[in-house]
Amino acid sequence: MAVTESAPETAPAMPEAAGARATQEDVGARAAHEGILRRQAARESAARTYARALPIVPVRARGLTIEGADGNRYLDCLSGAGTLALGHNHPVVLEAIRKVLDSGAPLQVLDLATPVKDAFTTELFRTLPPGLADHARVQFCGPAGTDAVEAALKLVRAATGRSGILAFAGAYHGMTAGALAASGGASDVRVARLPYPQDYRCPFGVGGEPGAELAARWTESILDDTKSGVPSPAGMILEPVQGEGGVIPARDDWMRRMREITSARSIPLIADEVQTGVGRTGVFWAVEHSGITPDVMVLSKAIGGSLPLAVVVYREDLDVWEPGAHAGTFRGNQLAMAAGAATLAYVRENGLAERAAALGTRMIAQLQSLADDFGCVGDVRGRGLMIGVELVDPEKPPSSPGGPHPAAPELAVAVQRECLRRGLIVELGGRNSSVVRLLPPLTISDEQASAVLNRLADAVAEVAKSHTGPGTESTRRTATGRAQEVGHAQGTEHTRRAERSG
């Protein structure tokens, strides 16, 4: 979660799309909106993050759209940091929740067996990679992904009798102590840090397959060199796509190399699918892109259908837990399990992962054209509907000949602010909070995708104009026109079903 401290914690300007006139009712709504924001700033912890960059007060939401207390409407490409696979208040989710409420079933049951839990685990196992689902156990944790990470780390340590963990530069696994120690921003390093390959800012300066191979060889060297200072670890944890690290998809061949390296050395491989799971990257679970089967999968966010839920799924031979070895009072959330089962089934039955792959490819292609028009757009990357646009300062020289320009977090903050003014909610991430991130719901239509890209392109154009001067107006019109092209063709049955339902 990127903190954008320089973004103002004040109300945004009226989105251009709203077109509302300042009636007496509007003035009253605006005053109520601003009063809520003032009280939040006065009462809540300084640890709050999103509220600083996104000073809105949501009161109603449906699908991709949020309406604020002041009457402004926004297209939400934050989606609860990827939690809302079906968007806000999808009918199948609401129906599942109402069914449990109306049934008189207990809402909280610790780890007791219930029909609701049984339905959830059945649907979850139906979606898992076959090599794991056939011989798996599931551990219900506290309701946050970071607790599932903690459970996974404890599990592999208990199963192997070893303590060390391998993790990667740029990783993000949560905010509790163990998860933070495995994340890229750790200040007190207790894990061995390995290079995560990427094309744009390759740690070895070569990118592509050569860069991924060098990263793999470095991993092998660390593990096999008796003087590396890294003893045999309890496990390796990785994200198939680094989210908070800047939307960096792992190469499939590198993922397969990590699986080979860990298997040959009896090191459990933990896949953190908290944000990449449930169709987000174009397959149901992101590890499916490479065809690997991890030993452990950490799941949260979308699996709860918008409600808090987290689990660890792992090979049955790792199941060495003693009773109560990892527990949590709220691991029996029946509403979340019902909403989660409905979400998993809807994504599976309606082919939303395939839909995310197709639409995401088109959106990324359109956004890549912005890099031709604006020097501040350094790179566009992603997989499925997990998309990132890295902002750079084209007026500063690259750190190495032919390399990328320096990251420009101030431009990313400006783009986020301009997006909000135009009624578009986006997140920031990346090593320097310089990556504008899009995490729209999987139910987004072609027309909505076009509107998202229009607003983002216009925001980038406005920031580029302010940064480089007014001489880019014709370029802005060209780039905005290009963005308008996305989504007007190739309407699919997946889209029509999503529009009817959400």
# chains A, B, ... in the order shown; residues from 1 in each chain; ligands from 1
>>> closest_atom_pairs(of="segment 377-445 of chain A", to="segment 281-285 of chain A", cutoff="10 Å", atoms="only C-alpha atoms", output="tab-separated table")
residue	atom	partner	partner_atom	distance
A:Gly382	CA	A:Thr281	CA	8.1
A:Arg383	CA	A:Thr281	CA	4.9
A:Gly384	CA	A:Thr281	CA	4.0
A:Leu385	CA	A:Thr281	CA	5.9
A:Met386	CA	A:Thr281	CA	6.1
A:Ile387	CA	A:Thr281	CA	9.2
A:Leu442	CA	A:Gly282	CA	9.6
>>> select_by_dssp(residues="segment 207-338 of chain A", states="strand (DSSP E)", output="number ranges by chain")
A: 235-238, 241-242, 248-249, 269-272, 296-299, 311-315
>>> closest_atom_pairs(of="segment 338-424 of chain A", to="segment 99-112 of chain A", cutoff="12 Å", atoms="only C-alpha atoms", output="tab-separated table")
residue	atom	partner	partner_atom	distance
A:Ala338	CA	A:Val100	CA	7.4
A:Ala339	CA	A:Val100	CA	9.5
A:Ala342	CA	A:Lys99	CA	11.3
>>> closest_atom_pairs(of="segment 127-230 of chain A", to="segment 257-264 of chain A", cutoff="10 Å", atoms="only C-alpha atoms", output="Markdown table")
| residue | atom | partner | partner_atom | distance |
| --- | --- | --- | --- | --- |
| A:Ala212 | CA | A:Arg257 | CA | 9.3 |
| A:Glu213 | CA | A:Arg257 | CA | 8.5 |
| A:Ala215 | CA | A:Met258 | CA | 9.8 |
| A:Ala216 | CA | A:Arg257 | CA | 6.7 |
| A:Arg217 | CA | A:Arg257 | CA | 9.4 |
| A:Thr219 | CA | A:Ile261 | CA | 8.2 |
| A:Glu220 | CA | A:Ile261 | CA | 7.0 |
| A:Leu223 | CA | A:Ile261 | CA | 9.2 |
>>> atom_distance(atom1="atom CA of Val460 of chain A", atom2="atom CA of Ile364 of chain A")
15.1 Å
>>> closest_residue(among="A:Ala451, A:Ala181, A:Val435, A:Ala325", to="Ile248 of chain A", atoms="only C-alpha atoms")
A:Val435
>>> select_by_dssp(residues="segment 191-410 of chain A", states="alpha helix (DSSP H)", output="PyMOL selection string")
chain A and resi 208-224+252-264+334-349+352-373+409-410
>>> closest_residue(among="A:Thr343, A:Gln368, A:Ser300, A:Gln334", to="Cys141 of chain A", atoms="only C-alpha atoms")
A:Ser300
>>> residues_around(residues="Leu54 of chain A", least_positions_apart="2", cutoff="8 Å", atoms="only C-alpha atoms", output="compact mmCIF listing (two decimals) with N, CA, C and O atoms, in the first residue's frame")
# COMPACT_ATOMS: atom_id res chain seq x y z
N GLU A 9 -5.24 16.32 1.72
CA GLU A 9 -6.34 15.66 2.39
C GLU A 9 -7.52 16.63 2.45
O GLU A 9 -8.03 17.00 3.49
N TYR A 50 -5.05 5.70 2.36
CA TYR A 50 -5.88 6.02 1.20
C TYR A 50 -6.66 7.31 1.40
O TYR A 50 -6.89 8.06 0.46
N ALA A 51 -7.10 7.56 2.64
CA ALA A 51 -7.89 8.74 2.91
C ALA A 51 -7.13 10.03 2.63
O ALA A 51 -7.73 11.08 2.38
N ARG A 52 -5.80 9.98 2.66
CA ARG A 52 -5.02 11.18 2.39
C ARG A 52 -5.04 11.53 0.91
O ARG A 52 -5.15 12.70 0.54
N ILE A 56 -12.57 11.34 -0.36
CA ILE A 56 -13.97 11.18 -0.73
C ILE A 56 -14.69 10.47 0.41
O ILE A 56 -14.07 9.85 1.26
N LEU A 420 -8.69 11.87 -10.02
CA LEU A 420 -9.78 12.06 -9.08
C LEU A 420 -10.66 13.23 -9.49
O LEU A 420 -11.89 13.16 -9.39
N ILE A 425 -10.81 6.83 -9.70
CA ILE A 425 -10.03 6.47 -8.52
C ILE A 425 -8.95 5.47 -8.93
O ILE A 425 -9.26 4.40 -9.46
>>> decode(residues="segment 219-235 of chain A", atoms="all heavy atoms", output="PDB file, in the first residue's frame")
ATOM      1  N   THR A 219      20.141 -17.019  -7.348  1.00  0.00           N
ATOM      2  CA  THR A 219      19.432 -17.795  -6.329  1.00  0.00           C
ATOM      3  C   THR A 219      20.132 -19.127  -6.078  1.00  0.00           C
ATOM      4  O   THR A 219      20.351 -19.530  -4.924  1.00  0.00           O
ATOM      5  CB  THR A 219      17.982 -18.031  -6.771  1.00  0.00           C
ATOM      6  OG1 THR A 219      17.325 -16.767  -6.946  1.00  0.00           O
ATOM      7  CG2 THR A 219      17.228 -18.863  -5.747  1.00  0.00           C
ATOM      8  N   GLU A 220      20.495 -19.816  -7.146  1.00  0.00           N
ATOM      9  CA  GLU A 220      21.204 -21.086  -7.001  1.00  0.00           C
ATOM     10  C   GLU A 220      22.526 -20.905  -6.266  1.00  0.00           C
ATOM     11  O   GLU A 220      22.906 -21.715  -5.415  1.00  0.00           O
ATOM     12  CB  GLU A 220      21.458 -21.701  -8.371  1.00  0.00           C
ATOM     13  CG  GLU A 220      20.212 -22.267  -9.035  1.00  0.00           C
ATOM     14  CD  GLU A 220      20.538 -22.927 -10.359  1.00  0.00           C
ATOM     15  OE1 GLU A 220      21.192 -22.270 -11.201  1.00  0.00           O
ATOM     16  OE2 GLU A 220      20.139 -24.091 -10.556  1.00  0.00           O
ATOM     17  N   SER A 221      23.234 -19.836  -6.599  1.00  0.00           N
ATOM     18  CA  SER A 221      24.522 -19.585  -5.963  1.00  0.00           C
ATOM     19  C   SER A 221      24.360 -19.354  -4.468  1.00  0.00           C
ATOM     20  O   SER A 221      25.130 -19.881  -3.652  1.00  0.00           O
ATOM     21  CB  SER A 221      25.201 -18.376  -6.617  1.00  0.00           C
ATOM     22  OG  SER A 221      26.392 -18.035  -5.949  1.00  0.00           O
ATOM     23  N   ILE A 222      23.363 -18.565  -4.095  1.00  0.00           N
ATOM     24  CA  ILE A 222      23.103 -18.284  -2.684  1.00  0.00           C
ATOM     25  C   ILE A 222      22.849 -19.577  -1.909  1.00  0.00           C
ATOM     26  O   ILE A 222      23.323 -19.780  -0.786  1.00  0.00           O
ATOM     27  CB  ILE A 222      21.899 -17.327  -2.548  1.00  0.00           C
ATOM     28  CG1 ILE A 222      22.280 -15.906  -2.936  1.00  0.00           C
ATOM     29  CG2 ILE A 222      21.326 -17.354  -1.135  1.00  0.00           C
ATOM     30  CD1 ILE A 222      23.175 -15.203  -1.949  1.00  0.00           C
ATOM     31  N   LEU A 223      22.089 -20.485  -2.545  1.00  0.00           N
ATOM     32  CA  LEU A 223      21.702 -21.710  -1.855  1.00  0.00           C
ATOM     33  C   LEU A 223      22.810 -22.754  -1.810  1.00  0.00           C
ATOM     34  O   LEU A 223      22.899 -23.540  -0.866  1.00  0.00           O
ATOM     35  CB  LEU A 223      20.454 -22.300  -2.514  1.00  0.00           C
ATOM     36  CG  LEU A 223      19.173 -21.485  -2.354  1.00  0.00           C
ATOM     37  CD1 LEU A 223      18.064 -22.059  -3.213  1.00  0.00           C
ATOM     38  CD2 LEU A 223      18.749 -21.451  -0.889  1.00  0.00           C
ATOM     39  N   ASP A 224      23.651 -22.783  -2.847  1.00  0.00           N
ATOM     40  CA  ASP A 224      24.641 -23.851  -2.961  1.00  0.00           C
ATOM     41  C   ASP A 224      26.029 -23.472  -2.444  1.00  0.00           C
ATOM     42  O   ASP A 224      26.847 -24.353  -2.171  1.00  0.00           O
ATOM     43  CB  ASP A 224      24.754 -24.309  -4.422  1.00  0.00           C
ATOM     44  CG  ASP A 224      23.460 -24.934  -4.916  1.00  0.00           C
ATOM     45  OD1 ASP A 224      22.640 -25.346  -4.068  1.00  0.00           O
ATOM     46  OD2 ASP A 224      23.264 -25.010  -6.145  1.00  0.00           O
ATOM     47  N   ASP A 225      26.293 -22.175  -2.320  1.00  0.00           N
ATOM     48  CA  ASP A 225      27.590 -21.723  -1.827  1.00  0.00           C
ATOM     49  C   ASP A 225      27.625 -21.863  -0.306  1.00  0.00           C
ATOM     50  O   ASP A 225      26.870 -21.199   0.414  1.00  0.00           O
ATOM     51  CB  ASP A 225      27.818 -20.264  -2.242  1.00  0.00           C
ATOM     52  CG  ASP A 225      29.193 -19.741  -1.856  1.00  0.00           C
ATOM     53  OD1 ASP A 225      29.931 -20.440  -1.126  1.00  0.00           O
ATOM     54  OD2 ASP A 225      29.529 -18.628  -2.286  1.00  0.00           O
ATOM     55  N   THR A 226      28.474 -22.699   0.186  1.00  0.00           N
ATOM     56  CA  THR A 226      28.537 -22.927   1.630  1.00  0.00           C
ATOM     57  C   THR A 226      29.022 -21.705   2.404  1.00  0.00           C
ATOM     58  O   THR A 226      28.895 -21.651   3.629  1.00  0.00           O
ATOM     59  CB  THR A 226      29.471 -24.105   1.951  1.00  0.00           C
ATOM     60  OG1 THR A 226      30.780 -23.830   1.421  1.00  0.00           O
ATOM     61  CG2 THR A 226      28.939 -25.398   1.330  1.00  0.00           C
ATOM     62  N   LYS A 227      29.565 -20.730   1.703  1.00  0.00           N
ATOM     63  CA  LYS A 227      30.025 -19.500   2.343  1.00  0.00           C
ATOM     64  C   LYS A 227      29.132 -18.303   2.001  1.00  0.00           C
ATOM     65  O   LYS A 227      29.530 -17.151   2.173  1.00  0.00           O
ATOM     66  CB  LYS A 227      31.463 -19.194   1.917  1.00  0.00           C
ATOM     67  CG  LYS A 227      32.482 -20.245   2.349  1.00  0.00           C
ATOM     68  CD  LYS A 227      32.572 -20.368   3.862  1.00  0.00           C
ATOM     69  CE  LYS A 227      33.663 -21.361   4.272  1.00  0.00           C
ATOM     70  NZ  LYS A 227      33.732 -21.514   5.741  1.00  0.00           N
ATOM     71  N   SER A 228      27.941 -18.554   1.496  1.00  0.00           N
ATOM     72  CA  SER A 228      27.054 -17.438   1.124  1.00  0.00           C
ATOM     73  C   SER A 228      26.466 -16.745   2.339  1.00  0.00           C
ATOM     74  O   SER A 228      25.980 -15.618   2.247  1.00  0.00           O
ATOM     75  CB  SER A 228      25.902 -17.954   0.249  1.00  0.00           C
ATOM     76  OG  SER A 228      25.025 -18.773   1.011  1.00  0.00           O
ATOM     77  N   GLY A 229      26.496 -17.423   3.483  1.00  0.00           N
ATOM     78  CA  GLY A 229      25.897 -16.847   4.682  1.00  0.00           C
ATOM     79  C   GLY A 229      24.413 -17.115   4.781  1.00  0.00           C
ATOM     80  O   GLY A 229      23.744 -16.591   5.676  1.00  0.00           O
ATOM     81  N   VAL A 230      23.890 -17.919   3.853  1.00  0.00           N
ATOM     82  CA  VAL A 230      22.466 -18.237   3.859  1.00  0.00           C
ATOM     83  C   VAL A 230      22.299 -19.734   4.083  1.00  0.00           C
ATOM     84  O   VAL A 230      22.540 -20.536   3.169  1.00  0.00           O
ATOM     85  CB  VAL A 230      21.791 -17.828   2.534  1.00  0.00           C
ATOM     86  CG1 VAL A 230      20.315 -18.218   2.545  1.00  0.00           C
ATOM     87  CG2 VAL A 230      21.940 -16.328   2.302  1.00  0.00           C
ATOM     88  N   PRO A 231      21.909 -20.149   5.265  1.00  0.00           N
ATOM     89  CA  PRO A 231      21.701 -21.581   5.509  1.00  0.00           C
ATOM     90  C   PRO A 231      20.451 -22.067   4.784  1.00  0.00           C
ATOM     91  O   PRO A 231      19.635 -21.270   4.324  1.00  0.00           O
ATOM     92  CB  PRO A 231      21.529 -21.657   7.027  1.00  0.00           C
ATOM     93  CG  PRO A 231      21.019 -20.305   7.414  1.00  0.00           C
ATOM     94  CD  PRO A 231      21.651 -19.326   6.465  1.00  0.00           C
ATOM     95  N   SER A 232      20.303 -23.359   4.688  1.00  0.00           N
ATOM     96  CA  SER A 232      19.135 -23.930   4.015  1.00  0.00           C
ATOM     97  C   SER A 232      17.862 -23.371   4.636  1.00  0.00           C
ATOM     98  O   SER A 232      17.654 -23.485   5.847  1.00  0.00           O
ATOM     99  CB  SER A 232      19.160 -25.445   4.132  1.00  0.00           C
ATOM    100  OG  SER A 232      18.078 -26.013   3.424  1.00  0.00           O
ATOM    101  N   PRO A 233      17.001 -22.769   3.831  1.00  0.00           N
ATOM    102  CA  PRO A 233      15.844 -22.058   4.389  1.00  0.00           C
ATOM    103  C   PRO A 233      14.643 -22.962   4.605  1.00  0.00           C
ATOM    104  O   PRO A 233      14.555 -24.064   4.056  1.00  0.00           O
ATOM    105  CB  PRO A 233      15.543 -21.010   3.315  1.00  0.00           C
ATOM    106  CG  PRO A 233      15.928 -21.706   2.042  1.00  0.00           C
ATOM    107  CD  PRO A 233      17.126 -22.557   2.378  1.00  0.00           C
ATOM    108  N   ALA A 234      13.678 -22.446   5.353  1.00  0.00           N
ATOM    109  CA  ALA A 234      12.426 -23.164   5.580  1.00  0.00           C
ATOM    110  C   ALA A 234      11.496 -23.040   4.391  1.00  0.00           C
ATOM    111  O   ALA A 234      10.638 -23.906   4.177  1.00  0.00           O
ATOM    112  CB  ALA A 234      11.737 -22.619   6.829  1.00  0.00           C
ATOM    113  N   GLY A 235      11.633 -21.977   3.609  1.00  0.00           N
ATOM    114  CA  GLY A 235      10.744 -21.796   2.471  1.00  0.00           C
ATOM    115  C   GLY A 235      11.120 -20.575   1.664  1.00  0.00           C
ATOM    116  O   GLY A 235      11.936 -19.749   2.073  1.00  0.00           O
TER     117      GLY A 235
END
